[in-house]
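Student: Shown below is the structure under consideration.
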Amino acid sequence: MRTSEIRSRWLDFFASKDHHIAPSVPLISPDPSILFTIAGMVPFIPYIIGTEKAPWPRVASVQKCIRTNDIDNVGKTTRHGTFFQMNGNFSFGDYFKEGAIDFAFELLTGSVDKGNYGLDADRLWVTLWEEDHESFDVLTKKIGIDPKHIVRLPRNENFWDTGQPGPAGPCAEWHYDRGPAYGPEAVGGNVDPGGDRYLEVWNLVFDQFLRGEGKGKDYPLLGELDAKAIDTGAGLERLAVLLQDKANMYEIDEVYPVIQATEQLTGLKYGQNQDPSVDIRMRVIADHVRSSLMLIGDGVQPGNDGRGYVLRRLVRRAVRAMRLLGVDRAVLPDLLPVSKDVMKLSYPELEQRWGQISDIAYAEEEAFLRTLSSGTTIFDNMVKSAQNKTISGADAFALHDTYGFPIDLTLEMASEAGLQVDQDSFRALMQEQKDRARADAVNKKTGHVDSRIYHELAEKVGGKVDFLGYTESTATA
Ligand code: ATP
Ligand code: MG
Ligand code: MG
Ligand code: MG
């Protein structure tokens with residue numbers, strides 16, 4: 001089943017259960033307290049926490065999401081993307097636990113002919129809050145899940161809140177047992193025994209209680225809410241992993257074509273490499289290319305901070321991973337259209353805006369290739385002359401200041417070379433540069449140039465004349 005079909009089945013199923021179907025909001029979060037839309041519930045927060053009245057009692061969506069906190073998992077676990085789509089259904093004071101559990105079970109395990117996903121009910125495992133007897137009863141008595149497949153967890157593992165007094169409640173997380181090939185068995189009901197055998201697919205959040213003051217999960221439950229809410233999220237890619245019987249989310253139909261394009265460019269075969277880092281890099285490239293496409297498609301432009309910097313990092317990581325696989329030239333013109341051609345099935349606007357999207361992406365790659373070609377030789381020399389397996393703060397600063405290497409690029413390249421970076425002294429030099437810029441601004445006003453600052457700096461970095469030269473030339477540029 002194609003991902004675009006899994007998506008439309010979701011929406012059709014909940015429409016048939018009287019849900020309003022809401023379009024995905026952009027990846028630029030409508031909630032100003034977060035940079036990106038990180039979950040399906042983001043556009044509905046006021047209705048979930050009850051600060052606004054919802055225009056519909058039940059709604060469903062397939063929401064585009066970005067989670068930067070998962071970036072280091074990408075390519076290494078089977079299940080984390082920086083971009084992914086979260087299917088959701090929501091109830092605001094309408095159905096509650098029983099309704100949400102019924103819907104989840106019916107859609108997951110109902111027959112494919114009737115529009116459902118047809119998964120095997122015997123392979124489902126559900127984690128619950130240990131005091132949620134109501135859900136336990138619905139799952140075991142009504143639905144017929146084996147009680148051995150229900151894992152009861154303390155509040156600090158399975159309880160949602162907003163971090164402050166207000167609504168809170170338990171979760172029911174559905175996992176699917178993919179079998180022994182994917183990791184060890186759940187001993188003592190632990191569905192997270194390492195490995196990805198028990199794939200978390202769907203999280204049902206029951207917004208049930210009013211909570212009081214307290215740190216972490218240590219707060220009193222003051223009573224039940226009048227208007228309880230349901231907030232659920234199921235990873236579309238994770239459903240696709242199961243329904244397409246793929247090893248991981250990078251091998252599903254919406255992602256894998258980019259891996260195939262990297263095979264073409266590198267001459268390497270995915271899945272047949274002694275060195276696992278090759279496959280990891282191909283997966284990272286496929287993920288980051290797709291995330292960059294979707295971010296630019298939603299109006300994010302590369303930049304030096306905030307969202308723009310996240311995009312820049314994704315593009316740069318993809319380009320660098322390709323270099324590490326042996327391809328030095330521009331690669332986005334070969335990769336980005338491949339991702340667009342699969343993603344446009346669900347997001348036709350990508351085709352309409354393609355001219356602009358590709359211009360932005362290709363220009364960013366060209367600029368980065370120029371940065372790399374001027375800085376890489378210098379970097380390699382720094383690696384050769386590094387003392388105690390550490391790149392000095394002054395070197396990292398020079399890379400930043402003169403060659404436009406952001407510190408995390410230096411950190412990543414250093415770690416690939418088995419080196420560390422003296423970040424403390426790098427930060428101190430950055431601070432001095434800021435102070436100097438401020439002093440310059442003042443001096444411009446007074447017309448007086450204070451050269452002491454440069455001499456002080458020269459002493460701190462060990463009197464490196466060439467380094468000082470760059471600084472002065474950039475300072476006067
Ligand atoms: P995990 O434990 O696997 O990191 P999570 O508990 O952080 O997932 P939730 O916040 O519960 O995830 O989000 C709801 C659902 O969204 C998850 O059950 C999963 O199906 C999906 N999901 C979450 N993060 C990702 C991601 N980075 N890539 C793909 N799907 C994701
Ligand atoms: Mg997570
Ligand atoms: Mg989880
Ligand atoms: Mg979860």
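Naming works like this for the structure tokens: A, B, ... for the chains as they're shown, residue 1 at the start of each chain, ligands 1 onward in shown order.
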Which residues come within 10 Å of Met282 (chain A), counting only C-alpha atoms, excluding same-chain residues fewer than 5 positions away, as a list in words?
Tutor: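 With the cut-off at 10 Å, the set is Gly75, Tyr250, Tyr256, Val258, Ile259, Gln260, Ala261, Thr262, Glu263, Leu268, Lys269, Tyr270, Gly271, Ser277, Asp287, His288, Ala318, Ala321, Met322 and Leu325 of chain A.
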Student: Kindly assemble as CSV a list of the region 172-216 of chain A residues that lie within 12 Å of region 115-119 of chain A, each paired with its nearest atom pair and their distance in Å to one decimal, using only C-alpha atoms, sorted first by chain and then by ascending residue number.
Tutor:
```
residue,atom,partner,partner_atom,distance
A:His175,CA,A:Leu119,CA,11.5
A:Tyr176,CA,A:Leu119,CA,8.9
A:Asp177,CA,A:Leu119,CA,10.7
A:Arg178,CA,A:Leu119,CA,11.0
A:Val201,CA,A:Leu119,CA,11.7
```
Student: Keeping N, CA and C atoms, export the residues of the selection given above as a short mmCIF file (atom, residue, chain, number, x, y, z; two decimals), in the first residue's frame.
Tutor:
```
data_model
loop_
_atom_site.label_atom_id
_atom_site.label_comp_id
_atom_site.auth_asym_id
_atom_site.auth_seq_id
_atom_site.Cartn_x
_atom_site.Cartn_y
_atom_site.Cartn_z
N HIS A 175 2.11 -0.45 20.06
CA HIS A 175 3.35 -0.92 19.44
C HIS A 175 3.03 -2.16 18.63
N TYR A 176 3.84 -2.40 17.61
CA TYR A 176 3.61 -3.58 16.77
C TYR A 176 4.85 -4.46 16.81
N ASP A 177 4.67 -5.71 17.16
CA ASP A 177 5.79 -6.64 17.25
C ASP A 177 6.20 -7.10 15.85
N ARG A 178 7.39 -6.70 15.43
CA ARG A 178 7.84 -7.02 14.08
C ARG A 178 8.60 -8.34 14.02
N VAL A 201 3.74 2.84 17.14
CA VAL A 201 3.02 3.29 15.97
C VAL A 201 2.08 4.45 16.28
#
```
Student: Please extract the residues at most 8 Å from ligand 4, counting only C-alpha atoms and all ligand atoms, and provide them as a CSV table (one decimal) with C-alpha atoms, in the first residue's frame, using the chain letters and residue numbers of this document.
Tutor:
```
chain,number,residue,atom,x,y,z
A,173,GLU,CA,0.8,3.8,23.1
A,200,GLU,CA,5.7,2.5,18.4
A,202,TRP,CA,0.3,5.3,17.6
A,203,ASN,CA,0.0,7.4,20.7
```
Student: List all protein, DNA and RNA residues that have any atom at most 12 Å from ligand 3, counting only C-alpha atoms and all ligand atoms, and write the list as an NGL selection string.
Tutor: :A and (70 or 79-80 or 126-127 or 157-160 or 171-175 or 191-192 or 196 or 198-204 or 233-235)
Student: Extract, using only C-alpha atoms, all DNA, RNA and protein residues at most 10 Å from Met382 (chain A), discarding same-chain residues fewer than 3 positions from it, and format them as a ChimeraX atom specification.
Tutor: /A:376-379,385-387,390-392,395-396,399,414
Student: Nearest to ligand 2 among A:Gly81, A:Pro46, A:Gly93, A:Pro180, with distances taken over only C-alpha atoms and all ligand atoms: which residue is it?
Tutor: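 For ligand 2, the nearest of the candidates is A:Gly81.
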Student: Name the closest residue to ligand 1 among the candidates A:Val241, A:Thr51, A:Lys97, A:Phe136; distances are taken between atoms, counting only C-alpha atoms and all ligand atoms.
Tutor: A:Val241
Student: Hey, what's within 10 Å of Asp31 (chain A) if we count only C-alpha atoms and toss same-chain stuff fewer than 6 positions away? As a ChimeraX atom specification, please?
Tutor: /A:37,42-46
Student: So how far away is CA of Arg155 (chain A) from CA of Ala168 (chain A), in Å?
Tutor: 10.9 Å
Student: Record the distance separating CA of Phe206 (chain A) and CA of Lys228 (chain A), expressed in Å with one decimal.
Tutor: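 Interatomic distance here is 7.6 Å.
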Student: Could you check the closest approach to ligand 2 for each of A:Lys53, A:Lys76, A:Lys114, A:Arg67 and tell me which residue wins, using only C-alpha atoms and all ligand atoms?
Tutor: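 Nearest candidate to ligand 2 out of A:Lys53, A:Lys76, A:Lys114, A:Arg67: A:Arg67.
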Student: Interatomic distance between atom 29 (C, counted along the ligand's line) of ligand 1 and CA of Ser111 (chain A)?
Tutor: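 Rounded to one decimal, the two atoms are 24.6 Å apart.
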Student: Using only C-alpha atoms, determine which residues lie at most 9 Å from Thr77 (chain A), disregarding the query and same-chain residues fewer than 4 positions distant; provide the list as a list in words.
Tutor: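 Non-adjacent residues within range: Asn73, Gly195, Asp196 and Asn248 of chain A.
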Student: Keeping N, CA and C atoms, export the residues of the selection given above as a PDB file, in the first residue's frame.
Tutor:
```
ATOM      1  N   ASN A  73      19.235  10.506  15.565  1.00  0.00           N
ATOM      2  CA  ASN A  73      18.721   9.141  15.392  1.00  0.00           C
ATOM      3  C   ASN A  73      18.593   8.763  13.922  1.00  0.00           C
ATOM      4  N   GLY A 195      16.809  -2.176  20.336  1.00  0.00           N
ATOM      5  CA  GLY A 195      16.365  -2.638  19.020  1.00  0.00           C
ATOM      6  C   GLY A 195      15.004  -2.049  18.708  1.00  0.00           C
ATOM      7  N   ASP A 196      14.507  -2.349  17.547  1.00  0.00           N
ATOM      8  CA  ASP A 196      13.242  -1.750  17.118  1.00  0.00           C
ATOM      9  C   ASP A 196      12.203  -2.823  16.851  1.00  0.00           C
ATOM     10  N   ASN A 248      12.906  -0.355   7.509  1.00  0.00           N
ATOM     11  CA  ASN A 248      12.957   0.939   8.205  1.00  0.00           C
ATOM     12  C   ASN A 248      12.247   2.010   7.374  1.00  0.00           C
TER      13      ASN A 248
END
```
Student: Just the helix (DSSP H, G or I) stuff from region 243-361 of chain A, please, per backbone DSSP, written as a PyMOL selection string.
Tutor: chain A and resi 243+249-251+256-266+276-297+306-324+332-343+349-352+354-361
Student: Those same residues, written as an mmCIF file, in the first residue's frame with C-alpha atoms?
Tutor:
```cif
data_model
loop_
_atom_site.group_PDB
_atom_site.id
_atom_site.type_symbol
_atom_site.label_atom_id
_atom_site.label_comp_id
_atom_site.auth_asym_id
_atom_site.auth_seq_id
_atom_site.Cartn_x
_atom_site.Cartn_y
_atom_site.Cartn_z
ATOM 1 C CA LEU A 243 2.221 -2.170 5.492
ATOM 2 C CA MET A 249 11.274 4.216 7.310
ATOM 3 C CA TYR A 250 13.944 5.182 4.777
ATOM 4 C CA GLU A 251 13.012 2.240 2.587
ATOM 5 C CA TYR A 256 13.679 5.066 -0.941
ATOM 6 C CA PRO A 257 13.894 6.549 -4.462
ATOM 7 C CA VAL A 258 16.390 9.084 -3.094
ATOM 8 C CA ILE A 259 18.535 6.239 -1.734
ATOM 9 C CA GLN A 260 18.422 4.713 -5.229
ATOM 10 C CA ALA A 261 19.528 8.038 -6.677
ATOM 11 C CA THR A 262 22.511 8.051 -4.285
ATOM 12 C CA GLU A 263 23.406 4.574 -5.572
ATOM 13 C CA GLN A 264 23.462 5.945 -9.111
ATOM 14 C CA LEU A 265 25.664 8.866 -8.108
ATOM 15 C CA THR A 266 28.113 6.912 -5.972
ATOM 16 C CA PRO A 276 27.521 0.126 8.002
ATOM 17 C CA SER A 277 28.298 3.849 7.839
ATOM 18 C CA VAL A 278 27.705 3.761 4.081
ATOM 19 C CA ASP A 279 24.066 2.708 4.492
ATOM 20 C CA ILE A 280 23.582 5.112 7.391
ATOM 21 C CA ARG A 281 24.836 7.968 5.214
ATOM 22 C CA MET A 282 22.521 7.013 2.378
ATOM 23 C CA ARG A 283 19.576 7.025 4.786
ATOM 24 C CA VAL A 284 20.633 10.370 6.252
ATOM 25 C CA ILE A 285 20.847 11.838 2.748
ATOM 26 C CA ALA A 286 17.388 10.538 1.830
ATOM 27 C CA ASP A 287 15.900 11.956 5.030
ATOM 28 C CA HIS A 288 17.619 15.328 4.872
ATOM 29 C CA VAL A 289 16.875 15.866 1.179
ATOM 30 C CA ARG A 290 13.195 15.238 1.838
ATOM 31 C CA SER A 291 13.123 17.474 4.922
ATOM 32 C CA SER A 292 14.855 20.281 3.020
ATOM 33 C CA LEU A 293 12.360 19.943 0.169
ATOM 34 C CA MET A 294 9.401 20.146 2.524
ATOM 35 C CA LEU A 295 10.848 23.064 4.525
ATOM 36 C CA ILE A 296 11.626 25.147 1.441
ATOM 37 C CA GLY A 297 8.203 24.185 0.075
ATOM 38 C CA GLY A 306 16.307 29.838 13.740
ATOM 39 C CA ARG A 307 14.460 27.865 11.078
ATOM 40 C CA GLY A 308 16.788 29.019 8.339
ATOM 41 C CA TYR A 309 19.728 27.531 10.171
ATOM 42 C CA VAL A 310 17.991 24.199 10.647
ATOM 43 C CA LEU A 311 17.382 24.076 6.894
ATOM 44 C CA ARG A 312 20.975 25.085 6.173
ATOM 45 C CA ARG A 313 22.247 22.322 8.445
ATOM 46 C CA LEU A 314 20.071 19.704 6.764
ATOM 47 C CA VAL A 315 21.274 20.693 3.300
ATOM 48 C CA ARG A 316 24.889 20.790 4.449
ATOM 49 C CA ARG A 317 24.713 17.442 6.202
ATOM 50 C CA ALA A 318 23.239 15.844 3.079
ATOM 51 C CA VAL A 319 25.893 17.385 0.843
ATOM 52 C CA ARG A 320 28.703 16.359 3.204
ATOM 53 C CA ALA A 321 27.401 12.832 3.490
ATOM 54 C CA MET A 322 27.541 12.603 -0.311
ATOM 55 C CA ARG A 323 31.158 13.828 -0.239
ATOM 56 C CA LEU A 324 32.003 11.176 2.310
ATOM 57 C CA LEU A 332 20.882 18.268 -5.186
ATOM 58 C CA PRO A 333 19.968 18.617 -8.884
ATOM 59 C CA ASP A 334 20.041 14.801 -8.991
ATOM 60 C CA LEU A 335 18.363 14.156 -5.642
ATOM 61 C CA LEU A 336 15.801 16.861 -4.939
ATOM 62 C CA PRO A 337 13.614 16.230 -8.032
ATOM 63 C CA VAL A 338 13.449 12.541 -7.112
ATOM 64 C CA SER A 339 12.069 13.406 -3.682
ATOM 65 C CA LYS A 340 9.667 15.953 -5.182
ATOM 66 C CA ASP A 341 8.303 13.409 -7.654
ATOM 67 C CA VAL A 342 7.249 11.042 -4.870
ATOM 68 C CA MET A 343 6.115 13.651 -2.363
ATOM 69 C CA GLU A 349 1.874 22.281 -4.382
ATOM 70 C CA LEU A 350 5.505 21.082 -4.536
ATOM 71 C CA GLU A 351 5.148 20.807 -8.302
ATOM 72 C CA GLN A 352 3.542 24.221 -8.584
ATOM 73 C CA TRP A 354 9.097 23.753 -7.945
ATOM 74 C CA GLY A 355 10.911 26.529 -9.844
ATOM 75 C CA GLN A 356 11.359 28.570 -6.700
ATOM 76 C CA ILE A 357 12.068 25.607 -4.421
ATOM 77 C CA SER A 358 14.802 24.221 -6.647
ATOM 78 C CA ASP A 359 16.405 27.653 -7.168
ATOM 79 C CA ILE A 360 16.702 28.160 -3.404
ATOM 80 C CA ALA A 361 18.041 24.668 -2.760
#
```
